[in-house]
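Novice: The following block contains the structure, expressed as structure tokens.
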Amino acid sequence: MHTKYGFSFWLIPFVLAILGVTGCSTVAPPKDRMAAAELALQEANKSKAPQYAPLELRMAADKLDEAKRAMNKEEYILARRLAEEALVDAQLAEAKAASEDARRAASDLRQSLETLRREAERSSRGG
Amino acid sequence: MKRSSNYLGFYAAPALMGLSMACATIPPALEQARQNYQQMQQDPQVAARAPVASYEANQALRRTEQAWEQTSDEDEVKHLAYLTNRRVEIARETAQQKAAEAEAQQLKLEREKVLLETRTREAERAKQLAESRAREVQIAQQEAEARARESQEAQRKALAATDRAAELEKRFAELKAKQTDRGFELTLSDVLFEFDKTTLKAGSARSLAKITEFLRENPQRQITIEGYTDNVGSDTYNLELSQRRAEAVRDFLVQNGISADRITARGLGEEYPVASNETEAGRQQNRRVQIIIVDEKGRAG
């Protein structure tokens, strides 16, 4: 039996098994991702996102909470994914708020320009 | 060697099977991420206005594709696809923000332009108003000045007329002329002529000097010299006598530098007596020469 398959036959699954075990055990806690997500959420909260993009902000906050729980349970892959998603959610919230803010500003300007033009026209007619 | 080729085939078969399976069933999350990214790419506004966010979306999609090709870990692919979708959305929002900001910038410029135009127009209108007011004031001033000049002129004329009238009156008074309908009448009694004579008496020059002087000073004046007689003698004779006497006076004046054009001389004989011919005193009054002074148009005065 032991001569039927050579050393190299067992070598590959053995190496794969070792790699698999150490691969899992070498997943480090994603501290940098956590910190980045935390920072992004703080930035988003400081922007007009609470006003204009509350849903995305809420999703970011929830995911960050989940990521923290996953960290505590040492589920680092899940924690990393949640932190990364929380980061993009927070950034999207901020981007949405910024674009909404810019649109409103443009709209206000449009209205004030319209009023100004009407007044100018009226005054030029009124003589 | 023969054996090793066998067991390599033993492992290769399921590996190839897995790979072909993976190629056949692309996870829907990856498919969705690709579509989202492609749609975003078709919007030229996003590439132009949000190049960094577009690049990040592109990187996210590439990581998703790589994860699918290398690990086939569906959870990781799903996670990376989610990140890609979010990055695409961020790029779109950023592009919209930039577009709105660019529009706002344009609107601000237009507002400045409108404000400037309005101010310019207002200033122009104020200037025009000021100018038209200034013109009105100027016209009013000119009118006032013209009126003042006119009234001054009228006053001056009135004064001059008064002066002239006063002067004339004085002269006429000196000549002992009387104002009548025909003009100023000046009666020279028979001191000029001897009875039945037509030559001027020696002392007549002094009597005629004043009228000569007057005619020199008032060149526009014309005179009519009329000769009259008393009723002694025939009518025809008296008519001729009076005519010659009038002409004698005219000749004297012409000799003294008065144009003959200005003088009309005629004899009217014994008609139109001014006193009774019954007495010597009356006859003396009737023997007379009358000088009527008119202006250049023959008007009295």
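Within each chain, counting starts at residue 1; across the structure tokens, chains are named A, B, ... in the order shown, with ligands numbered 1 upward in that order.
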Got a sec to pull out which chain A residues are within 10 Å of chain B, counting only C-alpha atoms, and send them as number ranges by chain?
Specialist: A: 4-6, 8-9, 12, 77-78, 81-82, 84-114, 116-117, 119-121, 123-124, 127
Novice: Please provide as a PyMOL selection string all residues within 7 Å of Glu226 in chain B, with the sequence filter that same-chain residues fewer than 5 positions apart are discarded (counting only C-alpha atoms).
Specialist: chain B and resi 246+265-268+289-291
Novice: Within 10 Å of range 213-216 of chain B, counting only C-alpha atoms, which residues show up once you throw out same-chain ones fewer than 6 positions away? Write them as a PyMOL selection string, please.
Specialist: chain B and resi 168+171-172+175+222-223+253+256-259+262+293
Novice: Taking only range 122-300 of chain B into account, list the residues labelled strand (DSSP E or B) by DSSP (computed from the backbone), as an mmCIF file with N, CA, C and O atoms, in the first residue's frame.
Specialist:
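Contents of result-v7.cif, as written:
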data_model
loop_
_atom_site.group_PDB
_atom_site.id
_atom_site.type_symbol
_atom_site.label_atom_id
_atom_site.label_comp_id
_atom_site.auth_asym_id
_atom_site.auth_seq_id
_atom_site.Cartn_x
_atom_site.Cartn_y
_atom_site.Cartn_z
ATOM 1 N N LYS B 178 -47.379 173.759 -35.010
ATOM 2 C CA LYS B 178 -48.577 173.217 -34.381
ATOM 3 C C LYS B 178 -48.826 171.838 -34.971
ATOM 4 O O LYS B 178 -48.657 171.632 -36.170
ATOM 5 N N GLN B 179 -49.254 170.930 -34.092
ATOM 6 C CA GLN B 179 -49.568 169.601 -34.628
ATOM 7 C C GLN B 179 -50.990 169.605 -35.154
ATOM 8 O O GLN B 179 -51.913 170.004 -34.444
ATOM 9 N N THR B 180 -51.129 169.176 -36.417
ATOM 10 C CA THR B 180 -52.468 169.081 -37.028
ATOM 11 C C THR B 180 -52.608 167.710 -37.647
ATOM 12 O O THR B 180 -51.688 166.888 -37.546
ATOM 13 N N GLY B 183 -49.817 166.916 -40.102
ATOM 14 C CA GLY B 183 -48.445 166.868 -39.625
ATOM 15 C C GLY B 183 -48.197 168.120 -38.805
ATOM 16 O O GLY B 183 -49.131 168.764 -38.336
ATOM 17 N N PHE B 184 -46.907 168.419 -38.631
ATOM 18 C CA PHE B 184 -46.613 169.656 -37.900
ATOM 19 C C PHE B 184 -46.686 170.834 -38.870
ATOM 20 O O PHE B 184 -46.001 170.831 -39.895
ATOM 21 N N GLU B 185 -47.494 171.743 -38.494
ATOM 22 C CA GLU B 185 -47.670 172.909 -39.380
ATOM 23 C C GLU B 185 -46.953 174.100 -38.793
ATOM 24 O O GLU B 185 -47.055 174.389 -37.597
ATOM 25 N N LEU B 186 -46.251 174.772 -39.678
ATOM 26 C CA LEU B 186 -45.441 175.908 -39.258
ATOM 27 C C LEU B 186 -45.858 177.083 -40.157
ATOM 28 O O LEU B 186 -45.808 176.969 -41.389
ATOM 29 N N THR B 187 -46.353 178.069 -39.532
ATOM 30 C CA THR B 187 -46.848 179.200 -40.336
ATOM 31 C C THR B 187 -45.849 180.361 -40.289
ATOM 32 O O THR B 187 -45.456 180.805 -39.205
ATOM 33 N N LEU B 188 -45.425 180.714 -41.458
ATOM 34 C CA LEU B 188 -44.535 181.876 -41.533
ATOM 35 C C LEU B 188 -45.364 183.025 -42.129
ATOM 36 O O LEU B 188 -45.826 182.930 -43.263
ATOM 37 N N SER B 189 -45.539 184.080 -41.373
ATOM 38 C CA SER B 189 -46.414 185.164 -41.850
ATOM 39 C C SER B 189 -45.645 186.071 -42.834
ATOM 40 O O SER B 189 -44.520 185.756 -43.221
ATOM 41 N N PHE B 193 -42.048 188.142 -47.043
ATOM 42 C CA PHE B 193 -42.206 188.826 -48.347
ATOM 43 C C PHE B 193 -42.786 190.225 -48.200
ATOM 44 O O PHE B 193 -43.610 190.471 -47.319
ATOM 45 N N LEU B 200 -37.494 186.828 -51.178
ATOM 46 C CA LEU B 200 -37.461 186.813 -49.714
ATOM 47 C C LEU B 200 -36.862 188.101 -49.184
ATOM 48 O O LEU B 200 -35.921 188.637 -49.777
ATOM 49 N N GLN B 222 -39.760 165.035 -44.640
ATOM 50 C CA GLN B 222 -40.060 165.774 -45.873
ATOM 51 C C GLN B 222 -40.971 166.933 -45.524
ATOM 52 O O GLN B 222 -41.649 166.905 -44.497
ATOM 53 N N ILE B 223 -40.980 167.897 -46.394
ATOM 54 C CA ILE B 223 -41.865 169.041 -46.103
ATOM 55 C C ILE B 223 -42.672 169.425 -47.338
ATOM 56 O O ILE B 223 -42.276 169.150 -48.481
ATOM 57 N N THR B 224 -43.792 169.984 -47.041
ATOM 58 C CA THR B 224 -44.610 170.598 -48.103
ATOM 59 C C THR B 224 -44.680 172.090 -47.784
ATOM 60 O O THR B 224 -45.011 172.476 -46.647
ATOM 61 N N ILE B 225 -44.328 172.878 -48.770
ATOM 62 C CA ILE B 225 -44.396 174.330 -48.585
ATOM 63 C C ILE B 225 -45.633 174.831 -49.326
ATOM 64 O O ILE B 225 -45.813 174.541 -50.510
ATOM 65 N N GLU B 226 -46.523 175.488 -48.586
ATOM 66 C CA GLU B 226 -47.750 175.985 -49.190
ATOM 67 C C GLU B 226 -47.791 177.520 -49.095
ATOM 68 O O GLU B 226 -47.597 178.057 -48.002
ATOM 69 N N GLY B 227 -48.015 178.122 -50.223
ATOM 70 C CA GLY B 227 -48.116 179.583 -50.224
ATOM 71 C C GLY B 227 -49.576 180.037 -50.267
ATOM 72 O O GLY B 227 -50.405 179.394 -50.907
ATOM 73 N N TYR B 228 -49.888 181.059 -49.485
ATOM 74 C CA TYR B 228 -51.252 181.615 -49.451
ATOM 75 C C TYR B 228 -51.167 183.138 -49.602
ATOM 76 O O TYR B 228 -50.159 183.755 -49.244
ATOM 77 N N ILE B 263 -38.736 168.241 -50.824
ATOM 78 C CA ILE B 263 -39.568 169.442 -50.692
ATOM 79 C C ILE B 263 -40.626 169.475 -51.790
ATOM 80 O O ILE B 263 -40.332 169.292 -52.972
ATOM 81 N N THR B 264 -41.860 169.712 -51.386
ATOM 82 C CA THR B 264 -42.931 169.945 -52.341
ATOM 83 C C THR B 264 -43.385 171.398 -52.126
ATOM 84 O O THR B 264 -43.663 171.788 -50.984
ATOM 85 N N ALA B 265 -43.433 172.144 -53.226
ATOM 86 C CA ALA B 265 -43.869 173.541 -53.090
ATOM 87 C C ALA B 265 -45.117 173.754 -53.935
ATOM 88 O O ALA B 265 -45.176 173.295 -55.082
ATOM 89 N N ARG B 266 -46.139 174.353 -53.347
ATOM 90 C CA ARG B 266 -47.337 174.627 -54.150
ATOM 91 C C ARG B 266 -48.020 175.907 -53.644
ATOM 92 O O ARG B 266 -47.932 176.234 -52.444
ATOM 93 N N GLY B 267 -48.683 176.576 -54.592
ATOM 94 C CA GLY B 267 -49.412 177.794 -54.252
ATOM 95 C C GLY B 267 -50.892 177.522 -54.180
ATOM 96 O O GLY B 267 -51.424 176.799 -55.018
ATOM 97 N N ARG B 288 -49.367 184.293 -46.156
ATOM 98 C CA ARG B 288 -48.505 183.459 -45.315
ATOM 99 C C ARG B 288 -47.910 182.304 -46.121
ATOM 100 O O ARG B 288 -48.409 181.955 -47.202
ATOM 101 N N VAL B 289 -46.888 181.717 -45.554
ATOM 102 C CA VAL B 289 -46.349 180.460 -46.091
ATOM 103 C C VAL B 289 -46.447 179.428 -44.963
ATOM 104 O O VAL B 289 -46.050 179.696 -43.833
ATOM 105 N N GLN B 290 -47.010 178.305 -45.292
ATOM 106 C CA GLN B 290 -47.097 177.248 -44.273
ATOM 107 C C GLN B 290 -46.162 176.111 -44.677
ATOM 108 O O GLN B 290 -46.099 175.724 -45.840
ATOM 109 N N ILE B 291 -45.433 175.631 -43.683
ATOM 110 C CA ILE B 291 -44.552 174.480 -43.942
ATOM 111 C C ILE B 291 -45.109 173.304 -43.144
ATOM 112 O O ILE B 291 -45.307 173.408 -41.923
ATOM 113 N N ILE B 292 -45.396 172.218 -43.857
ATOM 114 C CA ILE B 292 -45.942 171.025 -43.175
ATOM 115 C C ILE B 292 -44.848 169.959 -43.169
ATOM 116 O O ILE B 292 -44.303 169.596 -44.216
ATOM 117 N N ILE B 293 -44.532 169.555 -41.953
ATOM 118 C CA ILE B 293 -43.447 168.571 -41.802
ATOM 119 C C ILE B 293 -44.058 167.173 -41.651
ATOM 120 O O ILE B 293 -44.873 166.939 -40.743
ATOM 121 N N VAL B 294 -43.682 166.275 -42.531
ATOM 122 C CA VAL B 294 -44.134 164.879 -42.408
ATOM 123 C C VAL B 294 -42.895 163.990 -42.369
ATOM 124 O O VAL B 294 -41.782 164.437 -42.637
ATOM 125 N N ALA B 300 -47.946 162.151 -40.890
ATOM 126 C CA ALA B 300 -47.888 163.285 -39.960
ATOM 127 C C ALA B 300 -47.038 162.913 -38.757
ATOM 128 O O ALA B 300 -47.029 161.764 -38.341
#
Novice: Given the choices B:Val232, B:Ala140, B:Ala173, B:Ala161, which gets closest to Glu278 in chain B if the distance is worked out from only C-alpha atoms?
Specialist: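 Closest to Glu278 in chain B, using only C-alpha atoms: B:Val232.
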